[in-house]
Amino acid sequence: MEIKNLISADNWTFTGFKSSDLLAFIHLAAEPTQTKVKLVYCVTLLKNSEEEVFQLEFNNLNEAIDAINERYQHWEFINRGQRLSDGGCGSCSAH
């Protein structure tokens, strides 16, 4: 039985799901109000790593995590925090 990697409260800042030219991930956004700035968690779907297809906003991280895992867990899990072993920017000692 294959164990699925899912996005969690510990890894949401550097993981996501990928399918062909689509990428789904969670990020923080700010929503200004008259008296303060409200932080929201956004589940964003990008095409070709730059064109936004759509975005869902959530008031708390757990709701965003549940939504992205429910919608995209069948896609390839990606960990953007892993170092690259074959060179490139992610493999330098500065990371």
# chains A, B, ... in the order shown; residues from 1 in each chain; ligands from 1

$ select_by_dssp --residues "range 11-89 of chain A" --states "strand (DSSP E)" --output "VMD selection string"
chain A and resid 15 to 19 22 to 32 37 to 47 51 to 58 76 to 79

$ residues_around --residues "Leu39 in chain A" --least-positions-apart "5" --cutoff "12 Å" --atoms "only C-alpha atoms" --output "number ranges by chain"
A: 27-33, 57-61

$ closest_atom_pairs --of "range 25-91 of chain A" --to "range 8-12 of chain A" --cutoff "10 Å" --atoms "only C-alpha atoms" --output "tab-separated table"
residue	atom	partner	partner_atom	distance
A:Phe25	CA	A:Trp12	CA	7.7
A:Ile26	CA	A:Trp12	CA	6.4
A:His27	CA	A:Trp12	CA	8.0
A:Leu61	CA	A:Ala9	CA	7.4
A:Asn62	CA	A:Ala9	CA	7.4
A:Ala64	CA	A:Trp12	CA	9.6
A:Ile65	CA	A:Ser8	CA	6.4
A:Asp66	CA	A:Ser8	CA	8.8
A:Asn69	CA	A:Ser8	CA	8.9
A:Asn79	CA	A:Asn11	CA	8.5
A:Arg80	CA	A:Asn11	CA	9.9
A:Gly81	CA	A:Asn11	CA	8.9

$ write_last_selection --atoms "C-alpha atoms" --output "JSON list (two decimals), in the first residue's frame"
[["chain", "number", "residue", "atom", "x", "y", "z"],
["A", 25, "PHE", "CA", 0.20, 25.32, -2.93],
["A", 26, "ILE", "CA", -0.70, 27.36, 0.17],
["A", 27, "HIS", "CA", 0.64, 30.83, 0.89],
["A", 61, "LEU", "CA", -4.38, 27.33, 8.21],
["A", 62, "ASN", "CA", -6.18, 24.08, 9.07],
["A", 64, "ALA", "CA", -6.57, 25.63, 3.88],
["A", 65, "ILE", "CA", -4.67, 22.39, 4.56],
["A", 66, "ASP", "CA", -7.87, 20.34, 4.54],
["A", 69, "ASN", "CA", -5.32, 17.84, 0.55],
["A", 79, "ASN", "CA", 8.79, 19.26, -1.56],
["A", 80, "ARG", "CA", 10.42, 22.51, -2.61],
["A", 81, "GLY", "CA", 12.52, 22.47, 0.57]]

$ atom_distance --atom1 "CA of Ala67 in chain A" --atom2 "CA of Thr44 in chain A"
10.9 Å

$ residues_around --residues "Phe17 in chain A" --least-positions-apart "5" --cutoff "9 Å" --atoms "only C-alpha atoms" --output "MDAnalysis selection string"
chainID A and resid 6:7 22:25 68:69 72:79

$ select_by_dssp --residues "range 4-95 of chain A" --states "helix (DSSP H, G or I)" --output "list in words"
Leu61, Asn62, Glu63, Ala64, Ile65, Asp66, Ala67, Ile68, Asn69, Glu70, Arg71, Tyr72, Cys89, Gly90 and Ser91 of chain A

$ write_last_selection --atoms "N, CA and C atoms" --output "PDB file, in the first residue's frame"
ATOM      1  N   LEU A  61      -5.262  28.254   8.922  1.00  0.00           N
ATOM      2  CA  LEU A  61      -4.384  27.330   8.207  1.00  0.00           C
ATOM      3  C   LEU A  61      -4.989  25.938   8.085  1.00  0.00           C
ATOM      4  N   ASN A  62      -5.621  25.436   9.127  1.00  0.00           N
ATOM      5  CA  ASN A  62      -6.178  24.078   9.071  1.00  0.00           C
ATOM      6  C   ASN A  62      -7.227  23.929   7.980  1.00  0.00           C
ATOM      7  N   GLU A  63      -8.052  24.945   7.766  1.00  0.00           N
ATOM      8  CA  GLU A  63      -9.048  24.893   6.688  1.00  0.00           C
ATOM      9  C   GLU A  63      -8.370  24.843   5.325  1.00  0.00           C
ATOM     10  N   ALA A  64      -7.309  25.629   5.151  1.00  0.00           N
ATOM     11  CA  ALA A  64      -6.572  25.632   3.884  1.00  0.00           C
ATOM     12  C   ALA A  64      -5.909  24.281   3.640  1.00  0.00           C
ATOM     13  N   ILE A  65      -5.321  23.700   4.675  1.00  0.00           N
ATOM     14  CA  ILE A  65      -4.675  22.390   4.558  1.00  0.00           C
ATOM     15  C   ILE A  65      -5.696  21.319   4.182  1.00  0.00           C
ATOM     16  N   ASP A  66      -6.832  21.318   4.864  1.00  0.00           N
ATOM     17  CA  ASP A  66      -7.875  20.335   4.544  1.00  0.00           C
ATOM     18  C   ASP A  66      -8.340  20.473   3.100  1.00  0.00           C
ATOM     19  N   ALA A  67      -8.514  21.706   2.635  1.00  0.00           N
ATOM     20  CA  ALA A  67      -9.007  21.941   1.276  1.00  0.00           C
ATOM     21  C   ALA A  67      -8.006  21.481   0.221  1.00  0.00           C
ATOM     22  N   ILE A  68      -6.729  21.812   0.391  1.00  0.00           N
ATOM     23  CA  ILE A  68      -5.743  21.436  -0.629  1.00  0.00           C
ATOM     24  C   ILE A  68      -5.530  19.930  -0.654  1.00  0.00           C
ATOM     25  N   ASN A  69      -5.488  19.299   0.520  1.00  0.00           N
ATOM     26  CA  ASN A  69      -5.316  17.840   0.547  1.00  0.00           C
ATOM     27  C   ASN A  69      -6.521  17.119  -0.053  1.00  0.00           C
ATOM     28  N   GLU A  70      -7.712  17.617   0.199  1.00  0.00           N
ATOM     29  CA  GLU A  70      -8.921  16.995  -0.348  1.00  0.00           C
ATOM     30  C   GLU A  70      -8.967  17.116  -1.870  1.00  0.00           C
ATOM     31  N   ARG A  71      -8.611  18.277  -2.383  1.00  0.00           N
ATOM     32  CA  ARG A  71      -8.711  18.513  -3.830  1.00  0.00           C
ATOM     33  C   ARG A  71      -7.566  17.916  -4.640  1.00  0.00           C
ATOM     34  N   TYR A  72      -6.348  17.925  -4.095  1.00  0.00           N
ATOM     35  CA  TYR A  72      -5.179  17.633  -4.922  1.00  0.00           C
ATOM     36  C   TYR A  72      -4.302  16.476  -4.447  1.00  0.00           C
ATOM     37  N   CYS A  89      20.803  25.801  -7.827  1.00  0.00           N
ATOM     38  CA  CYS A  89      20.737  26.734  -6.713  1.00  0.00           C
ATOM     39  C   CYS A  89      20.473  26.045  -5.386  1.00  0.00           C
ATOM     40  N   GLY A  90      19.575  25.056  -5.368  1.00  0.00           N
ATOM     41  CA  GLY A  90      19.217  24.402  -4.108  1.00  0.00           C
ATOM     42  C   GLY A  90      20.308  23.560  -3.497  1.00  0.00           C
ATOM     43  N   SER A  91      21.399  23.313  -4.235  1.00  0.00           N
ATOM     44  CA  SER A  91      22.440  22.452  -3.707  1.00  0.00           C
ATOM     45  C   SER A  91      23.624  23.224  -3.121  1.00  0.00           C
TER      46      SER A  91
END
